[in-house]
Every structure is written in C-alpha cells, then in structure tokens.
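S.K.: Structure file work_5.txt (compact mmCIF, C-alpha atoms) is given on the next line.
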```
# COMPACT_ATOMS: atom_id res chain seq x y z
CA MET J 704 14.99 4.70 2.02
CA GLU J 705 13.28 6.16 -1.04
CA GLU J 706 16.61 6.19 -2.88
CA GLU J 707 17.07 2.49 -2.11
CA ALA J 708 13.66 1.62 -3.55
CA SER J 709 14.13 3.81 -6.61
CA SER J 710 17.45 2.22 -7.46
CA PHE J 711 16.23 -1.36 -6.97
CA ASP J 712 16.11 -3.27 -10.27
CA ASP J 713 12.47 -4.27 -10.93
CA ARG J 714 13.62 -7.05 -13.24
CA ALA J 715 15.11 -8.86 -10.24
CA LEU J 716 11.62 -9.22 -8.76
CA ALA J 717 9.55 -12.33 -9.44
CA PRO J 718 5.76 -11.85 -9.52
CA MET J 719 3.98 -13.74 -6.75
CA VAL J 720 0.31 -12.71 -7.00
CA SER J 721 -1.90 -10.16 -8.67
CA LEU J 722 -5.37 -9.20 -7.52
CA GLU J 723 -7.49 -6.72 -9.45
CA LEU J 724 -10.88 -5.40 -8.35
CA ASN J 725 -13.45 -2.93 -9.54
CA VAL J 726 -13.03 0.20 -7.39
CA ALA J 727 -16.76 0.37 -6.64
CA MET J 728 -16.67 -3.23 -5.40
CA PHE J 729 -13.55 -2.59 -3.32
CA LYS J 730 -15.06 0.52 -1.75
CA SER J 731 -18.45 -1.10 -1.12
CA GLN J 732 -17.28 -2.60 2.19
CA TRP J 733 -14.52 -1.53 4.56
CA LYS J 734 -13.91 -5.18 5.52
CA PHE J 735 -12.35 -5.80 2.08
CA CYS J 736 -9.25 -3.99 3.41
CA ASP J 737 -8.82 -6.64 6.11
CA ARG J 738 -9.51 -9.54 3.79
CA ILE J 739 -7.10 -8.37 1.12
CA THR J 740 -4.47 -7.69 3.78
CA GLU J 741 -4.85 -11.17 5.23
CA TYR J 742 -4.57 -12.78 1.80
CA LEU J 743 -1.49 -10.80 0.76
CA SER J 744 0.32 -11.10 4.09
CA ASP J 745 -0.22 -14.89 4.14
CA ILE J 746 1.45 -15.08 0.74
CA LEU J 747 4.30 -12.83 1.90
CA GLY J 748 4.90 -15.19 4.82
CA GLN J 749 5.49 -18.18 2.57
CA GLY J 750 9.05 -19.39 2.47
CA HIS J 751 10.05 -18.00 5.86
CA SER J 752 11.18 -20.08 8.81
CA ASP J 753 8.32 -18.56 10.85
CA PRO J 754 5.67 -17.69 8.24
CA ALA J 755 2.99 -16.71 10.77
CA ARG J 756 5.27 -14.27 12.57
CA TYR J 757 6.48 -12.66 9.33
CA SER J 758 2.99 -12.35 7.82
CA ASN J 759 1.47 -11.05 11.08
CA PHE J 760 4.11 -8.38 11.40
CA LEU J 761 3.83 -7.22 7.80
CA SER J 762 0.04 -7.35 7.80
CA VAL J 763 0.02 -4.20 9.95
CA ALA J 764 1.94 -2.20 7.33
CA ALA J 765 0.06 -3.73 4.39
CA ASN J 766 -3.25 -2.93 6.07
CA GLU J 767 -2.28 0.73 6.52
CA LEU J 768 -1.36 1.00 2.83
CA ILE J 769 -4.53 -0.78 1.66
CA GLU J 770 -6.66 1.47 3.87
CA LEU J 771 -4.83 4.49 2.40
CA ALA J 772 -5.82 3.28 -1.07
CA PHE J 773 -9.40 2.72 0.13
CA ARG J 774 -9.62 6.32 1.33
CA SER J 775 -7.77 7.83 -1.62
CA THR J 776 -9.55 6.39 -4.61
CA GLY J 777 -12.94 7.46 -5.80
CA GLU J 778 -12.57 7.28 -9.55
CA PRO J 779 -14.39 4.55 -11.44
CA GLY J 780 -12.12 1.85 -12.74
CA ARG J 781 -9.85 -0.82 -11.33
CA ILE J 782 -7.55 -1.13 -8.35
CA SER J 783 -4.76 -3.68 -8.40
CA PHE J 784 -2.67 -5.27 -5.68
CA ARG J 785 0.54 -6.99 -6.75
CA LEU J 786 3.21 -8.82 -4.79
CA TYR J 787 6.75 -9.41 -6.01
CA ARG J 788 9.70 -11.18 -4.39
CA SER J 789 13.45 -11.15 -4.79
CA THR J 790 16.10 -12.69 -2.58
CA THR J 791 16.19 -9.60 -0.35
CA ILE J 792 12.94 -7.68 -0.97
CA ASN J 793 9.19 -8.29 -0.93
CA ARG J 794 7.34 -5.58 -2.86
CA LEU J 795 3.68 -4.60 -2.56
CA LYS J 796 2.27 -2.38 -5.34
CA ILE J 797 -1.20 -0.88 -5.15
CA ALA J 798 -2.28 0.96 -8.33
CA PHE J 799 -5.48 2.89 -9.01
CA ALA J 800 -6.86 5.96 -10.81
CA ARG J 801 -6.55 9.10 -8.80
CA GLU J 802 -9.16 11.74 -8.21
CA GLU J 803 -8.79 15.10 -9.92
CA ALA J 804 -8.15 16.79 -6.58
CA PHE J 805 -5.70 14.08 -5.54
CA GLY J 806 -2.99 15.35 -3.27
CA ARG J 807 -5.25 17.94 -1.71
CA GLU J 808 -7.76 17.75 1.07
CA HIS J 809 -11.12 16.49 -0.19
CA THR J 810 -14.47 15.67 1.29
CA GLY J 811 -16.24 12.35 1.11
CA ALA J 812 -19.93 11.58 0.87
CA ARG J 813 -20.52 13.50 4.10
CA SER J 814 -19.31 17.08 3.85
CA SER J 815 -18.00 17.10 7.43
CA GLU J 816 -15.88 13.97 6.93
CA ARG J 817 -12.29 14.43 5.78
CA HIS J 818 -10.33 11.46 4.50
CA PRO J 819 -6.58 10.96 4.24
CA VAL J 820 -5.35 11.71 0.76
CA ALA J 821 -2.04 10.61 -0.71
CA ASP J 822 0.14 12.98 -2.70
CA ALA J 823 2.20 11.48 -5.51
CA GLY J 824 5.88 12.13 -5.05
CA SER J 825 5.42 12.86 -1.36
CA ASP J 826 5.96 10.85 1.77
CA MET J 827 2.96 12.43 3.50
CA VAL J 828 -0.71 11.75 3.80
CA THR J 829 -2.93 14.60 4.91
CA ASP J 830 -5.76 14.00 7.35
CA ALA J 831 -8.02 15.99 9.66
CA ASP J 832 -5.49 16.05 12.48
CA GLY J 833 -2.44 17.13 10.46
CA THR J 834 -0.22 14.61 8.79
CA ILE J 835 0.55 10.95 9.00
CA LEU J 836 4.05 10.34 7.75
CA LEU J 837 4.63 7.32 5.56
CA ARG J 838 8.23 7.65 6.61
CA ASP J 839 7.20 6.62 10.16
CA LEU J 840 5.63 3.45 8.80
CA ALA J 841 8.74 2.86 6.68
CA THR J 842 11.00 3.27 9.71
CA ILE J 843 9.02 0.87 11.88
CA PHE J 844 9.01 -1.84 9.21
CA ARG J 845 12.46 -1.05 7.77
CA ALA J 846 10.75 -0.55 4.42
CA ALA J 847 11.05 1.82 1.49
CA ILE J 848 7.58 3.23 0.83
CA ARG J 849 6.73 5.75 -1.85
CA ILE J 850 3.82 7.06 -3.89
CA GLU J 851 4.32 7.59 -7.62
CA LYS J 852 2.31 8.74 -10.59
CA ASP J 853 1.28 5.89 -12.88
CA GLY J 854 0.54 7.38 -16.26
CA THR J 855 -1.50 10.56 -16.50
CA ARG J 856 -4.35 9.68 -14.13
CA GLY J 857 -2.99 6.84 -12.08
CA ILE J 858 -1.16 6.51 -8.82
CA GLN J 859 0.71 3.65 -7.24
CA ILE J 860 1.77 3.02 -3.68
CA ILE J 861 4.97 0.95 -3.64
CA ALA J 862 6.37 -0.64 -0.49
CA ASP J 863 9.59 -2.67 -0.39
CA PHE J 864 9.91 -4.82 2.73
CA PRO J 865 13.08 -6.67 3.66
CA SER J 866 12.87 -10.44 3.41
CA ALA J 867 14.95 -10.80 6.57
CA GLU J 868 13.13 -12.18 9.58
CA ASP J 869 14.88 -10.17 12.27
CA PHE J 870 12.02 -7.82 13.18
CA GLN J 871 12.09 -6.54 16.73
```
Let me see whether you can do it: turn the structure in this file into structure tokens.

M.R.:
Amino acid sequence: MEEEASSFDDRALAPMVSLELNVAMFKSQWKFCDRITEYLSDILGQGHSDPARYSNFLSVAANELIELAFRSTGEPGRISFRLYRSTTINRLKIAFAREEAFGREHTGARSSERHPVADAGSDMVTDADGTILLRDLATIFRAAIRIEKDGTRGIQIIADFPSAEDFQ
C-alpha cells in the first residue's frame, strides 16, 4: 500500500480544506481530536451517495491519526490538517514539528505515563503495550498510510483513502 501512495501524483489532488492550529491550543484539550475529526470526516463525506455512512466509517481512521498526532507532538509551533480529493483518492495530511526524541519512547508530563510515538519512515507506533501497527489500520480501511519527514524538524502523517463506497 505504501508503494501505491508514494507513486500517486500529488498534482492530481484538488485541495478541499486546510485547518491550522497552534500546537499548544490543539493539545490544551483532548476533545479537539473529536471535533477536528468530525469536521474533516463530514467534508470527506460530501459528494458520496451516502455521505453519512462514508464520513462515519472514515471518522474512525481519521480519529486514530489525529490522536496519534496529539500524542506525538510537543514542540511549539503549528499543526496543520489538510484534505485533498481526486477521482479515486481522498487524502488526509497532518503536519507538525517533531520532538527531538521523536521515533523513540518518551515520557509525558507524568513520568509514569508513556505515549505512542510515531517514527518517520516506519509503519509502527510504539506504546506501553508493544506496538500498534498502522498497517492494520490501513488494511481495515483499504488505505495507504505512511509517516514521512517534512523538512528537517517536521513530520507528516499521510493517509490515502479510496473514494469508493463499498466498505464492508
């Protein structure tokens, strides 16, 4: 799936929406994950014969990715959420500055609390119980999901979802 996403021509994608927030604001309340997910998934549902069904289904995957970003960023700066559409693909991009120890286990405000951390170029997220595989999420949603470096200090989570409405 990663090969499919990497070879997809970005120029064929039309921008749909862009949302940019201050990281401190985004991280100030966990409920922002749900609100951003609802907003983005409603937009993704537009243009489908059953928009509610499509947006409800994809909101699960989008929420997981947004929560991953919530847990993974701690640097001051901005976090952006962008949606793109082509005739066959809907793309969600989440971009933010990464922490210096990004890709390795790190501790949060409470020393006993371990948060999932994304590793650029990997399909894994490490957490306290082992690993959560992004490839599992990609398989369930028939999506191509990857994490890439964005410049020297940035990271982006990119998820390509099929536009088809034949989810099972």

S.K.: Could you tell me how far CA of Leu786 (chain J) lies from CA of Ser721 (chain J), in Å and to one decimal?

M.R.: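 Separation of CA of Leu786 (chain J) and CA of Ser721 (chain J): 6.6 Å.
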
S.K.: State, in Å with one decimal place, the distance from CA of Val763 (chain J) to CA of Ile860 (chain J).

M.R.: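 Between CA of Val763 (chain J) and CA of Ile860 (chain J) the gap is 15.5 Å.
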
S.K.: Counting all atoms listed in the file, which residue out of J:Ala862, J:Arg801, J:Leu837, J:Arg785 sits closest to Ala765 (chain J)?

M.R.: J:Ala862

S.K.: With all atoms listed in the file as the basis for distance, which of J:Asn725, J:Ser783, J:Ser744, J:Thr776 is at the shortest distance from Ala798 (chain J)?

M.R.: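 So, comparing all the options, the nearest one is J:Ser783.
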
S.K.: Take CA of Arg845 (chain J) and CA of Lys734 (chain J) and report the distance between them in Å, one decimal.

M.R.: 26.8 Å

S.K.: Mind checking which residues fall within 9 Å of Phe784 (chain J), counting only C-alpha atoms, ignoring those fewer than 4 positions away in the same chain, and posting them as a ChimeraX atom specification?

M.R.: /J:720-724,739,743,769,795-798

S.K.: Show which residues sit within 8 Å of Ile858 (chain J), as a ChimeraX atom specification. Count only C-alpha atoms, and ignore same-chain residues fewer than 4 positions away.

M.R.: /J:798-801,823,850-854

S.K.: With distances taken over only C-alpha atoms, which residue among J:Phe773, J:Leu747, J:Val726, J:Leu716 lies nearest Leu761 (chain J)?

M.R.: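 Of J:Phe773, J:Leu747, J:Val726, J:Leu716, the one nearest Leu761 (chain J) is J:Leu747, counting only C-alpha atoms.
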
S.K.: Need to verify the contact set: region 749-751 of chain J, 12 Å, only C-alpha atoms, exclusion of same-chain residues closer than 3 positions in sequence. Can you return it as a ChimeraX atom specification?

M.R.: /J:719,742-746,754-759,788-790,793,865-869

S.K.: Between J:Ala841, J:Ile792, J:Leu768, J:Ala846, which residue has the minimum interatomic distance to Gln859 (chain J), considering only C-alpha atoms?

M.R.: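 Closest to Gln859 (chain J) of all the choices is J:Leu768.
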